[in-house]
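Colleague: Structure supplied as structure-v5.txt; contents: compact mmCIF, C-alpha atoms.
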# COMPACT_ATOMS: atom_id res chain seq x y z
CA GLN Q 1 -10.31 -10.44 -17.03
CA GLU Q 2 -12.66 -10.81 -14.04
CA LEU Q 3 -11.43 -14.36 -13.41
CA LYS Q 4 -7.83 -13.19 -13.68
CA GLN Q 5 -8.49 -10.40 -11.19
CA ALA Q 6 -10.28 -12.81 -8.84
CA PHE Q 7 -7.26 -15.13 -9.03
CA PHE Q 8 -4.79 -12.39 -8.01
CA ASP Q 9 -7.14 -11.18 -5.27
CA ARG Q 10 -7.31 -14.70 -3.87
CA LEU Q 11 -3.52 -15.17 -4.26
CA ASP Q 12 -3.02 -12.12 -2.04
CA VAL Q 13 -4.96 -13.92 0.68
CA VAL Q 14 -3.83 -17.56 0.47
CA GLY Q 15 -0.30 -17.09 -0.90
CA SER Q 16 -0.50 -20.27 -3.02
CA VAL Q 17 -0.93 -20.18 -6.81
CA THR Q 18 -2.44 -23.67 -6.84
CA VAL Q 19 -4.90 -22.97 -4.02
CA ALA Q 20 -5.90 -19.60 -5.47
CA ALA Q 21 -6.52 -21.19 -8.88
CA ARG Q 22 -8.63 -23.94 -7.33
CA ASP Q 23 -10.67 -21.51 -5.25
CA VAL Q 24 -11.65 -19.33 -8.21
CA GLY Q 25 -12.07 -22.19 -10.69
CA LEU Q 26 -9.05 -21.41 -12.88
CA ASN Q 27 -6.87 -24.03 -14.59
CA ARG Q 28 -3.72 -24.37 -12.50
CA HIS Q 29 -1.42 -24.26 -15.56
CA THR Q 30 -3.10 -21.06 -16.75
CA ALA Q 31 -2.80 -19.65 -13.24
CA ALA Q 32 0.89 -20.54 -13.10
CA GLY Q 33 1.44 -18.70 -16.38
CA LEU Q 34 -0.41 -15.61 -15.15
CA ALA Q 35 1.59 -15.59 -11.92
CA ARG Q 36 4.90 -16.06 -13.76
CA ARG Q 37 4.22 -13.17 -16.16
CA ALA Q 38 3.23 -10.96 -13.23
CA GLY Q 39 6.41 -11.85 -11.33
CA ARG Q 40 4.44 -13.61 -8.61
CA ARG Q 41 4.92 -17.02 -7.04
CA SER Q 42 3.57 -19.10 -4.20
CA VAL Q 43 4.56 -17.95 -0.74
CA ALA Q 44 4.33 -20.09 2.36
CA VAL Q 45 1.66 -18.68 4.65
CA ARG Q 46 1.86 -19.43 8.34
CA PRO Q 47 -1.25 -20.69 10.13
CA GLY Q 48 -3.48 -17.77 10.98
CA HIS Q 49 -3.50 -16.25 14.44
CA PRO Q 50 -6.61 -17.44 16.35
CA GLY Q 51 -7.56 -13.85 17.13
CA ARG Q 52 -7.26 -12.45 13.63
CA VAL Q 53 -10.89 -12.97 12.66
CA LEU Q 54 -12.01 -11.12 15.79
CA TYR Q 55 -9.42 -8.42 15.14
CA GLU Q 56 -10.73 -7.79 11.62
CA GLU Q 57 -14.30 -7.66 12.90
CA LEU Q 58 -13.28 -5.08 15.50
CA ARG Q 59 -11.51 -2.98 12.87
CA ARG Q 60 -14.51 -3.09 10.56
CA SER Q 61 -16.68 -1.91 13.43
CA GLY Q 62 -14.48 1.17 13.85
CA VAL Q 63 -12.24 0.08 16.75
CA SER Q 64 -8.75 1.61 16.63
CA ARG Q 65 -5.79 -0.56 15.71
CA ARG Q 66 -4.20 -0.27 19.15
CA GLU Q 67 -7.39 -1.18 21.02
CA ALA Q 68 -8.23 -4.07 18.68
CA ALA Q 69 -4.69 -5.44 19.03
CA SER Q 70 -4.96 -5.24 22.81
CA ARG Q 71 -8.27 -7.12 22.84
CA VAL Q 72 -6.93 -10.07 20.84
CA GLY Q 73 -3.52 -10.06 22.55
CA VAL Q 74 -1.14 -9.16 19.72
CA HIS Q 75 1.53 -6.48 19.39
CA VAL Q 76 0.43 -3.31 17.61
CA ARG Q 77 3.12 -3.90 14.94
CA THR Q 78 1.55 -7.27 14.14
CA ALA Q 79 -1.81 -5.54 13.88
CA GLN Q 80 -0.28 -2.98 11.53
CA ASP Q 81 0.98 -5.78 9.29
CA TRP Q 82 -2.51 -7.31 9.26
CA ASP Q 83 -4.02 -3.98 8.27
CA HIS Q 84 -1.55 -3.54 5.43
CA GLY Q 85 -1.81 -7.10 4.10
CA VAL Q 86 1.79 -7.90 5.03
CA ARG Q 87 2.83 -11.54 5.38
CA HIS Q 88 5.83 -13.00 7.24
CA SER Q 89 8.25 -15.46 5.70
CA GLY Q 90 11.45 -17.04 7.02
CA GLY Q 91 11.33 -15.28 10.37
CA ALA Q 92 9.86 -12.24 12.05
CA ASN Q 93 12.27 -9.88 10.31
CA VAL Q 94 11.20 -10.81 6.77
CA ARG Q 95 7.97 -9.33 5.46
CA ILE Q 96 6.23 -9.75 2.10
CA TYR Q 97 4.11 -6.78 1.02
CA PRO Q 98 0.97 -6.88 -1.17
CA ASP Q 99 2.86 -5.46 -4.18
CA GLY Q 100 5.28 -8.43 -4.13
CA ARG Q 101 8.16 -6.76 -2.29
CA ARG Q 102 10.11 -8.98 0.09
CA VAL Q 103 11.84 -6.92 2.78
CA ASP Q 104 14.54 -8.37 5.01
CA TYR Q 105 14.75 -5.95 7.92
CA THR Q 106 17.98 -7.56 9.17
CA SER Q 107 20.00 -6.98 5.99
CA ARG Q 108 17.81 -4.00 4.95
CA ARG Q 109 17.49 -5.55 1.53
CA THR Q 110 14.35 -5.32 -0.55
CA THR Q 111 13.59 -7.57 -3.51
CA MET Q 112 10.62 -7.76 -5.86
CA GLY Q 113 9.02 -11.15 -6.31
CA CYS Q 114 11.99 -12.66 -4.45
CA VAL Q 115 14.07 -12.21 -7.62
CA ALA Q 116 15.94 -8.92 -7.99
CA PRO Q 117 16.73 -6.07 -5.60
CA VAL Q 118 14.71 -2.93 -6.39
CA LEU Q 119 15.11 -0.73 -3.33
CA SER Q 120 18.07 -0.09 -1.05
CA VAL Q 121 16.13 1.49 1.78
CA VAL Q 122 13.13 0.03 3.57
CA GLU Q 123 9.95 1.93 2.85
CA LYS Q 124 8.79 4.22 5.63
CA PRO Q 125 5.44 3.48 7.35
CA LEU Q 126 2.46 4.95 5.50
CA HIS Q 127 0.96 8.23 6.62
CA PRO Q 128 -2.56 7.86 8.10
CA ARG Q 129 -3.97 9.84 5.16
CA PHE Q 130 -3.50 6.74 2.97
CA LEU Q 131 -6.24 4.11 2.96
CA SER Q 132 -5.15 0.82 4.53
CA LEU Q 133 -6.27 -2.65 3.50
CA ALA Q 134 -8.60 -2.68 6.52
CA ASP Q 135 -10.15 0.59 5.28
CA ARG Q 136 -10.68 -0.90 1.84
CA GLU Q 137 -12.21 -4.07 3.26
CA ARG Q 138 -14.58 -1.94 5.30
CA ILE Q 139 -15.54 0.05 2.21
CA ARG Q 140 -16.42 -3.24 0.49
CA ASP Q 141 -18.48 -4.42 3.45
CA LEU Q 142 -20.38 -1.14 3.80
CA LEU Q 143 -21.12 -1.03 0.08
CA SER Q 144 -22.43 -4.59 0.22
CA GLU Q 145 -24.80 -3.43 2.97
CA GLY Q 146 -26.17 -0.80 0.62
CA ARG Q 147 -24.57 2.19 2.35
CA SER Q 148 -24.13 5.37 0.35
CA ARG Q 149 -20.68 6.73 -0.45
CA ARG Q 150 -21.29 9.65 1.89
CA GLU Q 151 -22.21 7.23 4.69
CA VAL Q 152 -19.09 5.16 3.97
CA ALA Q 153 -16.97 8.31 4.17
CA ARG Q 154 -18.56 9.32 7.46
CA ARG Q 155 -17.94 5.93 9.06
CA LEU Q 156 -14.30 5.88 7.96
CA GLY Q 157 -13.73 9.50 8.93
CA ARG Q 158 -12.75 10.40 5.37
CA ALA Q 159 -13.77 13.08 2.90
CA PRO Q 160 -16.61 11.96 0.59
CA SER Q 161 -14.46 12.92 -2.42
CA THR Q 162 -11.74 10.50 -1.25
CA ILE Q 163 -14.18 7.60 -1.05
CA THR Q 164 -15.78 8.52 -4.37
CA ARG Q 165 -12.40 8.49 -6.16
CA GLU Q 166 -11.38 5.24 -4.45
CA ILE Q 167 -14.56 3.44 -5.49
CA ALA Q 168 -14.55 4.81 -9.03
CA ALA Q 169 -10.94 3.78 -9.62
CA ASN Q 170 -11.27 0.25 -8.23
CA THR Q 171 -14.68 -0.98 -9.28
CA VAL Q 172 -14.98 -3.66 -11.96
CA SER Q 173 -18.40 -4.61 -13.35
CA GLY Q 174 -20.07 -2.83 -10.45
CA VAL Q 175 -18.00 -4.64 -7.78
CA TYR Q 176 -15.46 -2.81 -5.61
CA ARG Q 177 -12.26 -4.87 -5.26
CA PRO Q 178 -10.31 -4.01 -2.09
CA TYR Q 179 -7.34 -6.33 -2.64
CA ALA Q 180 -6.78 -5.15 -6.20
CA ALA Q 181 -7.06 -1.56 -4.95
CA GLN Q 182 -4.45 -2.21 -2.24
CA ARG Q 183 -2.11 -3.88 -4.71
CA ALA Q 184 -2.41 -1.00 -7.18
CA SER Q 185 -1.89 1.56 -4.42
CA ALA Q 186 1.25 -0.20 -3.17
CA ALA Q 187 2.63 -0.46 -6.70
CA ARG Q 188 2.19 3.27 -7.26
CA ARG Q 189 4.03 4.39 -4.14
CA PRO Q 190 7.60 3.30 -4.96
CA ARG Q 191 7.44 4.54 -8.56
CA PRO Q 192 10.79 6.09 -9.61
CA LYS Q 193 10.77 9.86 -9.87
CA THR Q 194 13.68 11.96 -11.07
CA ARG Q 195 14.63 14.65 -8.57
CA LYS Q 196 13.97 18.11 -9.93
CA LEU Q 197 17.45 19.39 -9.17
CA LEU Q 198 19.00 16.62 -11.29
CA LEU Q 199 17.37 18.13 -14.40
CA ASP Q 200 18.89 21.01 -16.32
CA GLY Q 201 16.71 24.10 -16.29
CA PRO Q 202 15.96 27.40 -14.55
CA LEU Q 203 15.35 25.80 -11.14
CA ARG Q 204 18.72 24.07 -11.06
CA GLU Q 205 20.48 27.20 -12.32
CA PHE Q 206 18.79 29.38 -9.68
CA VAL Q 207 19.83 27.02 -6.87
CA SER Q 208 23.38 26.71 -8.25
CA GLN Q 209 23.75 30.49 -8.35
CA GLY Q 210 22.52 30.75 -4.76
CA LEU Q 211 25.04 28.15 -3.62
CA ARG Q 212 27.86 29.91 -5.43
CA GLN Q 213 26.95 33.04 -3.46
CA GLU Q 214 27.06 30.92 -0.27
CA TRP Q 215 23.35 31.32 0.41
CA SER Q 216 21.83 28.85 2.85
CA PRO Q 217 19.11 26.44 1.67
CA GLU Q 218 16.59 28.55 3.58
CA GLN Q 219 17.70 31.71 1.79
CA ILE Q 220 17.44 30.00 -1.60
CA SER Q 221 13.98 28.64 -0.75
CA ASN Q 222 12.74 32.05 0.39
CA ALA Q 223 14.18 33.73 -2.70
CA LEU Q 224 12.47 31.19 -4.96
CA ARG Q 225 9.08 31.91 -3.40
CA LYS Q 226 9.64 35.66 -3.63
CA GLU Q 227 10.93 35.81 -7.20
CA HIS Q 228 8.70 33.06 -8.64
CA PRO Q 229 5.46 33.21 -6.59
CA ASP Q 230 3.37 31.48 -9.29
CA ASP Q 231 5.79 28.71 -10.24
Mind turning the file's structure into structure tokens?
Modeller:
Amino acid sequence: QELKQAFFDRLDVVGSVTVAARDVGLNRHTAAGLARRAGRRSVAVRPGHPGRVLYEELRRSGVSRREAASRVGVHVRTAQDWDHGVRHSGGANVRIYPDGRRVDYTSRRTTMGCVAPVLSVVEKPLHPRFLSLADRERIRDLLSEGRSRREVARRLGRAPSTITREIAANTVSGVYRPYAAQRASAARRPRPKTRKLLLDGPLREFVSQGLRQEWSPEQISNALRKEHPDD
């Protein structure tokens, strides 16, 4: 399991099944089978930007995204893609996300693993409250330096409870895995959720009655809070 996880972590970085298998010491046929069952495949990775190493060092040292991007001479959107582990393929308007989604911003079409469409609308940018890949890489680096979880939280400007949960949920055999954590986080975000008003029940009936009486959405919302303060 550790070798399998190391393979997928490395695949996130290099984009090639063969190269990832070689780097972690996994048989390439076994690696190909793992990737196929996970819906993953090799993705061409462009040569790295000469300033990316410096950019990542600046981010780990606490420099803001905008300032770090300015220092290495890249657009802030490019820096955002670096932070989120996003790769480009087939042009600037096609991005491949860590969870395997391939988003064509020209056609506004999203596919998973370059096979089947799964979303019709491009995902909105993440709110700052979510940990980015750069945050997770910094957590790994600080932990490797022997920093406490409270110190890690202070340096990232996060609540200690947030860092504690993040580390507990993404540590395998005592090792925190930032790329696996990022992949799991990205996979959780687009999970399908049935809208509450599509389900039969007292909430839907209450709203329907309000609409039949020509109440506005604000009136219905206020009435819900007043009549059901604990629900």
Colleague: What is the distance, in Å and to one decimal place, between atom CA of Q:Phe130 and atom CA of Q:Asp231?
Modeller: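 Going from atom CA of Q:Phe130 over to atom CA of Q:Asp231 covers 27.3 Å.
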Colleague: Which polymer residues have any atom within 12 Å of an atom of Q:Glu57, counting all atoms listed in the file, with same-chain residues fewer than 2 positions away left out, as a VMD selection string?
Modeller: chain Q and resid 51 to 55 59 to 65 68 to 69 71 to 72 83 134 to 135 137 to 138 141
Colleague: Restricting the calculation to only C-alpha atoms: of Q:Asp104, Q:Leu3, Q:Ala223, Q:Phe206, which residue gets closest to Q:Asn27?
Modeller: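 The shortest atom-to-atom distance to Q:Asn27 comes from Q:Leu3.
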Colleague: So how many Å separate atom CA of Q:Asp230 and atom CA of Q:Thr162, to one decimal?
Modeller: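 According to the coordinates, atom CA of Q:Asp230 and atom CA of Q:Thr162 are separated by 27.1 Å.
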Colleague: To one decimal place, how far is atom CA of Q:Ala184 from atom CA of Q:Phe8 in Å?
Modeller: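 These atoms are spaced 11.7 Å apart.
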Colleague: Rank Q:Val172, Q:Leu133, Q:Ala32, Q:Val86 by their smallest atom-to-atom distance to Q:Gln5, using all atoms listed in the file, and report the top residue only.
Modeller: Q:Val172
Colleague: Could you name the residues that touch stretch 18-23 of chain Q at 10 Å or less, counting only C-alpha atoms, but leaving out those on the same chain fewer than 5 positions away, as a ChimeraX atom specification?
Modeller: /Q:3-4,6-13,28-32,41-42
Colleague: Pick the closest to Q:Ala186 from Q:Arg95, Q:His84, Q:Arg140, Q:Arg150: which is it, counting only C-alpha atoms?
Modeller: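 The shortest atom-to-atom distance to Q:Ala186 comes from Q:His84.
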Colleague: Please provide as number ranges by chain all residues within 10 Å of Q:Val175, with the sequence filter that same-chain residues fewer than 4 positions apart are discarded (counting all atoms listed in the file).
Modeller: Q: 140, 143-144, 167, 170-171
Colleague: Which residue out of Q:Leu34, Q:Val76, Q:Leu197, Q:Leu131 has the minimum interatomic distance to Q:Ser185 when all atoms listed in the file are used?
Modeller: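 Looking only at the distances to Q:Ser185, the closest residue turns out to be Q:Leu131.
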Colleague: Mind listing whatever residues come within 12 Å of the point (18.9, 30.5, -5.8)? Use only C-alpha atoms, file coordinates, and give them as number ranges by chain.
Modeller: Q: 197, 202-228
